Amino acid sequence: MLALSFIREHPEVVRAGAARKGEEAPVDAILELDREHRTALAEVEGMRAEMGRRSAELGKSARSEPAAADQARQSLAGLKSRISELDAKRKLLWDRLEELLLLVPNPPHQSVPQGVGDEDNVVVRTWGERPHFDFQPRTHYDLGEQLGIFDFERAVKISGSRFAMLRGKGARLERALSWLMLDLATRDHGYEEVAPPYMVSRECMVGTANLPKFEEDAFHVVEGDRFLIPTAEVPVTNMYRGEVLDGARLPIRHVAWTPCWRSEAGAPGKDTRGYIRLHQFSKVELVKFVHPEESLAELESLVQDAESVLQALGIHYRVRLMCSGDMGFAQWKKYDIDAYAPGLDRFLEVSSCSVFGDFQARRANIRFRTGGGRPEFVHTLNGSALALPRTLDCLLETYQTAAGTVVIPEALRPYLGAMTEIS
């Protein structure tokens, strides 16, 4: 969330930032509640000071003037009751104020291009070349069903629409992809691997800004008021919720493989065929906790860490800087990495890499202290490296042959017992 003091001092900046994202921010309601709360707080503090003064006077006169002391005690009891009533009102104002603060989006960084949608995103670089075939390339779902590595029908029978099942060499291939991604992150880029829980509390979802705005997109477990994670970002970011970290430890970098669950509310009919937009999928996620002055540079290195997976696999991709209107509620700046799927003849998003400033850290109360200084809020970042289904789709379509087989990239063969081809 944004600091209340920042909204109070820069309301137009907050309004403009929300407008750039196409969001609404209840700035006027927040400022009014803030005024009411501060007025109530001043009254409570004034009454408490008065009560302290009267209590001191009562202590002095209790023995010499018993009758006056009894009257003073009654007056103090009435004052205490009024303080209690007013403080209860103040607490209600503060609770409502905190609810509204959670609805204010993070204004985009000044380097984010202005725009409203996909056409305004900026391609900052591409890597590799589009593969060329002397035959009509097949889609991943045609290849997968022909090779017997996808079983969409049985997945639907088990769980309903927008679930998928991998079999045999397909399941093994996705497992190999996840191992490669984890090894690159831990071996080459200095991330510590964690295996977090797949179910989190409501407080954790609020901490990463998935709630309250996006509750309809989450899978809610009523018992215990818990949620199936939409991404490993949620449990990994909340590892340090409510803590003050040693500034000398920063940056802290974690990587995690997890399944992810999303209801994808509001996106019916889009990418519903194939292994693309699912209620459950697996992903390798990178999460960073960094010094504020280093967060933008850490975002650039985060993107490069995610790119290294596609480079190892030899898959053509592009990196786009997302415009203000195509960013999420909490993101300060974001890049998307899109891998090319020749069978579909289009790019598929396989990673979003984002920096949040202190937006998540304020919600989750994650701070650091350097030396004997005062605690400060860390900056948080995360990015997929990578989402497995779409990466697997692009791999199948990129390495297909005229015979309908799929050649295994060199980088994956050590994880597959030197298997060179899926046939």
# chains A, B, ... in the order shown; residues from 1 in each chain; ligands from 1
call {"tool": "select_by_dssp", "arguments": {"residues": "range 262-341 of chain A", "states": "helix (DSSP H, G or I)", "output": "ChimeraX atom specification"}}
result
/A:292-313,324-326
call {"tool": "residues_around", "arguments": {"residues": "range 369-383 of chain A", "least_positions_apart": "4", "cutoff": "6 Å", "atoms": "only C-alpha atoms", "output": "compact mmCIF listing (two decimals) with N, CA and C atoms, in the first residue's frame"}}
result
# COMPACT_ATOMS: atom_id res chain seq x y z
N ASP A 246 18.20 -7.87 8.54
CA ASP A 246 19.52 -7.26 8.62
C ASP A 246 19.86 -6.71 7.23
N GLY A 247 20.07 -5.40 7.15
CA GLY A 247 20.35 -4.78 5.86
C GLY A 247 21.58 -5.35 5.18
N GLU A 285 9.29 -19.58 -9.72
CA GLU A 285 9.19 -18.14 -9.41
C GLU A 285 10.45 -17.64 -8.73
N LEU A 286 10.89 -16.45 -9.14
CA LEU A 286 12.02 -15.76 -8.53
C LEU A 286 11.49 -14.60 -7.69
N VAL A 287 11.97 -14.45 -6.48
CA VAL A 287 11.53 -13.38 -5.58
C VAL A 287 12.76 -12.72 -4.96
N LYS A 288 12.75 -11.38 -4.91
CA LYS A 288 13.87 -10.64 -4.35
C LYS A 288 13.40 -9.65 -3.29
N PHE A 289 14.26 -9.44 -2.28
CA PHE A 289 14.09 -8.40 -1.27
C PHE A 289 15.36 -7.55 -1.32
N VAL A 290 15.23 -6.26 -1.65
CA VAL A 290 16.43 -5.47 -1.97
C VAL A 290 16.38 -4.10 -1.31
N HIS A 291 17.56 -3.43 -1.28
CA HIS A 291 17.63 -2.04 -0.85
C HIS A 291 16.85 -1.17 -1.84
N PRO A 292 16.13 -0.17 -1.36
CA PRO A 292 15.32 0.68 -2.24
C PRO A 292 16.09 1.28 -3.40
N SER A 352 6.33 -12.64 -16.35
CA SER A 352 6.19 -11.23 -16.01
C SER A 352 7.16 -10.95 -14.87
N CYS A 353 8.01 -9.96 -15.06
CA CYS A 353 9.01 -9.59 -14.05
C CYS A 353 8.68 -8.18 -13.56
N SER A 354 8.45 -8.06 -12.26
CA SER A 354 7.93 -6.80 -11.72
C SER A 354 8.71 -6.35 -10.50
N VAL A 355 8.77 -5.03 -10.35
CA VAL A 355 9.25 -4.42 -9.11
C VAL A 355 8.07 -3.67 -8.52
N PHE A 356 7.94 -3.73 -7.18
CA PHE A 356 6.79 -3.17 -6.50
C PHE A 356 7.14 -1.96 -5.64
N GLY A 357 8.41 -1.56 -5.62
CA GLY A 357 8.81 -0.55 -4.65
C GLY A 357 8.55 -1.08 -3.26
N ASP A 358 8.06 -0.23 -2.37
CA ASP A 358 7.75 -0.70 -1.01
C ASP A 358 6.26 -1.01 -0.84
N ALA A 361 5.79 -4.41 0.69
CA ALA A 361 6.47 -4.43 1.99
C ALA A 361 5.67 -3.67 3.06
call {"tool": "closest_residue", "arguments": {"among": "A:Asn365, A:Thr126, A:Thr39, A:Ser161", "to": "Arg277 in chain A", "atoms": "only C-alpha atoms"}}
result
A:Ser161
call {"tool": "residues_around", "arguments": {"residues": "range 200-212 of chain A", "least_positions_apart": "3", "cutoff": "8 Å", "atoms": "only C-alpha atoms", "output": "MDAnalysis selection string"}}
result
chainID A and resid 102:103 197 215 224:229 233:235 237:238 241 329:330 360:361 363:364
call {"tool": "write_last_selection", "arguments": {"atoms": "C-alpha atoms", "output": "mmCIF file, in the first residue's frame"}}
result
data_model
loop_
_atom_site.group_PDB
_atom_site.id
_atom_site.type_symbol
_atom_site.label_atom_id
_atom_site.label_comp_id
_atom_site.auth_asym_id
_atom_site.auth_seq_id
_atom_site.Cartn_x
_atom_site.Cartn_y
_atom_site.Cartn_z
ATOM 1 C CA LEU A 102 -5.795 -1.312 0.400
ATOM 2 C CA LEU A 103 -7.792 -0.195 -2.662
ATOM 3 C CA PRO A 197 3.354 -24.294 1.488
ATOM 4 C CA GLU A 215 -10.513 -12.247 -4.348
ATOM 5 C CA GLY A 224 -9.394 -21.837 8.104
ATOM 6 C CA ASP A 225 -10.068 -18.988 5.630
ATOM 7 C CA ARG A 226 -7.107 -20.028 3.500
ATOM 8 C CA PHE A 227 -6.303 -19.740 -0.205
ATOM 9 C CA LEU A 228 -4.609 -21.997 -2.735
ATOM 10 C CA ILE A 229 -1.655 -19.984 -3.980
ATOM 11 C CA GLU A 233 5.233 -15.077 -4.985
ATOM 12 C CA VAL A 234 2.631 -15.160 -2.205
ATOM 13 C CA PRO A 235 4.200 -17.600 0.284
ATOM 14 C CA THR A 237 7.215 -12.891 -0.158
ATOM 15 C CA ASN A 238 5.419 -13.517 3.123
ATOM 16 C CA ARG A 241 6.134 -10.723 6.916
ATOM 17 C CA PHE A 329 -2.627 -3.092 -9.456
ATOM 18 C CA ALA A 330 0.531 -3.427 -7.335
ATOM 19 C CA GLN A 360 4.017 -4.957 -0.843
ATOM 20 C CA ALA A 361 6.465 -4.430 1.994
ATOM 21 C CA ARG A 363 1.211 -4.240 3.425
ATOM 22 C CA ALA A 364 3.243 -7.143 4.823
#
call {"tool": "residues_around", "arguments": {"residues": "Ser263 in chain A", "least_positions_apart": "4", "cutoff": "9 Å", "atoms": "only C-alpha atoms", "output": "ChimeraX atom specification"}}
result
/A:216-219,230,278-280
call {"tool": "write_last_selection", "arguments": {"atoms": "N, CA and C atoms", "output": "PDB file, in the first residue's frame"}}
result
ATOM      1  N   GLU A 216     -12.010 -12.627  -6.244  1.00  0.00           N
ATOM      2  CA  GLU A 216     -12.796 -13.472  -7.140  1.00  0.00           C
ATOM      3  C   GLU A 216     -11.913 -14.355  -8.024  1.00  0.00           C
ATOM      4  N   ASP A 217     -10.645 -13.997  -8.184  1.00  0.00           N
ATOM      5  CA  ASP A 217      -9.736 -14.794  -9.009  1.00  0.00           C
ATOM      6  C   ASP A 217      -9.061 -15.921  -8.226  1.00  0.00           C
ATOM      7  N   ALA A 218      -9.270 -15.947  -6.910  1.00  0.00           N
ATOM      8  CA  ALA A 218      -8.553 -16.898  -6.061  1.00  0.00           C
ATOM      9  C   ALA A 218      -9.431 -18.097  -5.728  1.00  0.00           C
ATOM     10  N   PHE A 219      -8.774 -19.231  -5.455  1.00  0.00           N
ATOM     11  CA  PHE A 219      -9.466 -20.412  -4.962  1.00  0.00           C
ATOM     12  C   PHE A 219      -9.434 -20.372  -3.436  1.00  0.00           C
ATOM     13  N   PRO A 230      -1.947 -18.512  -5.932  1.00  0.00           N
ATOM     14  CA  PRO A 230      -1.975 -18.223  -7.364  1.00  0.00           C
ATOM     15  C   PRO A 230      -0.591 -18.193  -7.982  1.00  0.00           C
ATOM     16  N   LEU A 278      -5.005 -22.204 -17.803  1.00  0.00           N
ATOM     17  CA  LEU A 278      -5.530 -23.296 -16.992  1.00  0.00           C
ATOM     18  C   LEU A 278      -5.850 -22.831 -15.573  1.00  0.00           C
ATOM     19  N   HIS A 279      -6.713 -23.588 -14.920  1.00  0.00           N
ATOM     20  CA  HIS A 279      -6.982 -23.320 -13.508  1.00  0.00           C
ATOM     21  C   HIS A 279      -5.819 -23.770 -12.626  1.00  0.00           C
ATOM     22  N   GLN A 280      -5.073 -24.781 -13.063  1.00  0.00           N
ATOM     23  CA  GLN A 280      -3.909 -25.273 -12.303  1.00  0.00           C
ATOM     24  C   GLN A 280      -2.738 -25.445 -13.256  1.00  0.00           C
TER      25      GLN A 280
END
call {"tool": "residues_around", "arguments": {"residues": "range 79-81 of chain A", "least_positions_apart": "3", "cutoff": "10 Å", "atoms": "only C-alpha atoms", "output": "list in words"}}
result
Met47, Arg48, Glu50, Met51, Arg73, Gln74, Ser75, Leu76, Ser84, Glu85, Leu86 and Asp87 of chain A
call {"tool": "closest_residue", "arguments": {"among": "A:Met322, A:Leu33, A:Leu388, A:Met165", "to": "Trp179 in chain A", "atoms": "only C-alpha atoms"}}
result
A:Leu388
call {"tool": "residues_around", "arguments": {"residues": "Gln146 in chain A", "least_positions_apart": "4", "cutoff": "12 Å", "atoms": "only C-alpha atoms", "output": "VMD selection string"}}
result
chain A and resid 138 to 142 150 to 151 170 403 to 406 422 to 423
call {"tool": "write_last_selection", "arguments": {"atoms": "N, CA and C atoms", "output": "PDB file, in the first residue's frame"}}
result
ATOM      1  N   ARG A 138       2.922 -27.822 -36.692  1.00  0.00           N
ATOM      2  CA  ARG A 138       1.710 -28.152 -35.944  1.00  0.00           C
ATOM      3  C   ARG A 138       1.658 -27.363 -34.639  1.00  0.00           C
ATOM      4  N   THR A 139       0.475 -27.265 -34.083  1.00  0.00           N
ATOM      5  CA  THR A 139       0.318 -26.661 -32.760  1.00  0.00           C
ATOM      6  C   THR A 139       0.744 -27.660 -31.696  1.00  0.00           C
ATOM      7  N   HIS A 140       1.010 -27.158 -30.504  1.00  0.00           N
ATOM      8  CA  HIS A 140       1.438 -28.039 -29.418  1.00  0.00           C
ATOM      9  C   HIS A 140       0.351 -29.040 -29.052  1.00  0.00           C
ATOM     10  N   TYR A 141      -0.930 -28.646 -29.166  1.00  0.00           N
ATOM     11  CA  TYR A 141      -1.973 -29.590 -28.770  1.00  0.00           C
ATOM     12  C   TYR A 141      -2.150 -30.696 -29.807  1.00  0.00           C
ATOM     13  N   ASP A 142      -1.948 -30.365 -31.087  1.00  0.00           N
ATOM     14  CA  ASP A 142      -1.982 -31.427 -32.096  1.00  0.00           C
ATOM     15  C   ASP A 142      -0.803 -32.376 -31.920  1.00  0.00           C
ATOM     16  N   PHE A 150      -0.334 -35.500 -24.046  1.00  0.00           N
ATOM     17  CA  PHE A 150      -1.439 -34.728 -23.478  1.00  0.00           C
ATOM     18  C   PHE A 150      -2.660 -35.629 -23.362  1.00  0.00           C
ATOM     19  N   ASP A 151      -3.414 -35.441 -22.299  1.00  0.00           N
ATOM     20  CA  ASP A 151      -4.671 -36.172 -22.151  1.00  0.00           C
ATOM     21  C   ASP A 151      -5.715 -35.202 -21.605  1.00  0.00           C
ATOM     22  N   GLY A 170       5.705 -36.576 -21.744  1.00  0.00           N
ATOM     23  CA  GLY A 170       5.283 -35.193 -21.546  1.00  0.00           C
ATOM     24  C   GLY A 170       5.447 -34.762 -20.104  1.00  0.00           C
ATOM     25  N   ALA A 403       8.270 -35.445 -39.289  1.00  0.00           N
ATOM     26  CA  ALA A 403       7.743 -36.776 -38.957  1.00  0.00           C
ATOM     27  C   ALA A 403       6.800 -36.743 -37.764  1.00  0.00           C
ATOM     28  N   GLY A 404       6.630 -35.556 -37.153  1.00  0.00           N
ATOM     29  CA  GLY A 404       5.737 -35.450 -36.010  1.00  0.00           C
ATOM     30  C   GLY A 404       6.392 -35.742 -34.684  1.00  0.00           C
ATOM     31  N   THR A 405       7.717 -35.860 -34.684  1.00  0.00           N
ATOM     32  CA  THR A 405       8.445 -36.061 -33.438  1.00  0.00           C
ATOM     33  C   THR A 405       8.924 -34.707 -32.904  1.00  0.00           C
ATOM     34  N   VAL A 406       9.486 -34.718 -31.695  1.00  0.00           N
ATOM     35  CA  VAL A 406      10.023 -33.496 -31.093  1.00  0.00           C
ATOM     36  C   VAL A 406      11.435 -33.779 -30.609  1.00  0.00           C
ATOM     37  N   ILE A 422      11.232 -37.115 -28.627  1.00  0.00           N
ATOM     38  CA  ILE A 422       9.939 -37.656 -28.230  1.00  0.00           C
ATOM     39  C   ILE A 422       9.236 -38.137 -29.484  1.00  0.00           C
ATOM     40  N   SER A 423       8.905 -39.388 -29.548  1.00  0.00           N
ATOM     41  CA  SER A 423       8.294 -39.948 -30.756  1.00  0.00           C
ATOM     42  C   SER A 423       7.204 -40.929 -30.361  1.00  0.00           C
TER      43      SER A 423
END
call {"tool": "closest_residue", "arguments": {"among": "A:Gly168, A:Gly52, A:Pro105, A:Gly78", "to": "Val13 in chain A", "atoms": "only C-alpha atoms"}}
result
A:Pro105
call {"tool": "residues_around", "arguments": {"residues": "Ala16 in chain A", "least_positions_apart": "3", "cutoff": "12 Å", "atoms": "only C-alpha atoms", "output": "number ranges by chain"}}
result
A: 7, 10-13, 19-25, 27, 104-110, 114, 324
call {"tool": "closest_residue", "arguments": {"among": "A:Leu101, A:Arg8, A:Ala77, A:Arg175", "to": "Arg362 in chain A", "atoms": "only C-alpha atoms"}}
result
A:Leu101
call {"tool": "closest_residue", "arguments": {"among": "A:Cys394, A:Lys157, A:Glu32, A:Pro113", "to": "Trp332 in chain A", "atoms": "only C-alpha atoms"}}
result
A:Pro113
call {"tool": "atom_distance", "arguments": {"atom1": "CA of Ile83 in chain A", "atom2": "CA of Phe6 in chain A"}}
result
29.5 Å
call {"tool": "closest_residue", "arguments": {"among": "A:Asp188, A:Glu410, A:Glu421, A:Glu145", "to": "Ser308 in chain A", "atoms": "only C-alpha atoms"}}
result
A:Asp188
call {"tool": "atom_distance", "arguments": {"atom1": "CA of Gly190 in chain A", "atom2": "CA of Leu299 in chain A"}}
result
14.9 Å
call {"tool": "atom_distance", "arguments": {"atom1": "CA of Leu412 in chain A", "atom2": "CA of Tyr399 in chain A"}}
result
12.5 Å
call {"tool": "select_by_dssp", "arguments": {"residues": "range 228-342 of chain A", "states": "strand (DSSP E or B)", "output": "ChimeraX atom specification"}}
result
/A:228,244-246,252-261,280-290,317-321,333-341
call {"tool": "write_last_selection", "arguments": {"atoms": "C-alpha atoms", "output": "compact mmCIF listing (two decimals), in the first residue's frame"}}
result
# COMPACT_ATOMS: atom_id res chain seq x y z
CA LEU A 228 -4.61 -22.00 -2.74
CA VAL A 244 13.02 -6.51 10.39
CA LEU A 245 15.82 -7.92 8.23
CA ASP A 246 19.52 -7.26 8.62
CA ILE A 252 17.85 -11.74 -0.55
CA ARG A 253 16.99 -13.92 -3.54
CA HIS A 254 14.70 -16.95 -3.44
CA VAL A 255 13.46 -19.37 -6.09
CA ALA A 256 10.57 -21.82 -5.75
CA TRP A 257 8.75 -24.35 -7.91
CA THR A 258 5.07 -24.67 -7.03
CA PRO A 259 1.75 -25.55 -8.55
CA CYS A 260 -0.47 -22.49 -8.96
CA TRP A 261 -4.25 -22.14 -8.94
CA GLN A 280 -3.91 -25.27 -12.30
CA PHE A 281 -0.37 -25.07 -13.66
CA SER A 282 3.22 -25.17 -12.44
CA LYS A 283 5.71 -22.35 -12.34
CA VAL A 284 9.21 -21.53 -11.14
CA GLU A 285 9.19 -18.14 -9.41
CA LEU A 286 12.02 -15.76 -8.53
CA VAL A 287 11.53 -13.38 -5.58
CA LYS A 288 13.87 -10.64 -4.35
CA PHE A 289 14.09 -8.40 -1.27
CA VAL A 290 16.43 -5.47 -1.97
CA TYR A 317 11.56 -14.58 -27.56
CA ARG A 318 10.97 -10.89 -27.05
CA VAL A 319 11.07 -8.65 -23.95
CA ARG A 320 8.45 -5.94 -23.63
CA LEU A 321 8.25 -3.00 -21.24
CA LYS A 333 7.32 -1.32 -13.31
CA LYS A 334 6.96 -4.52 -15.31
CA TYR A 335 8.53 -6.41 -18.18
CA ASP A 336 6.91 -9.35 -19.96
CA ILE A 337 8.88 -12.07 -21.71
CA ASP A 338 7.04 -13.67 -24.62
CA ALA A 339 8.27 -16.89 -26.23
CA TYR A 340 7.44 -17.63 -29.86
CA ALA A 341 5.19 -20.59 -30.68
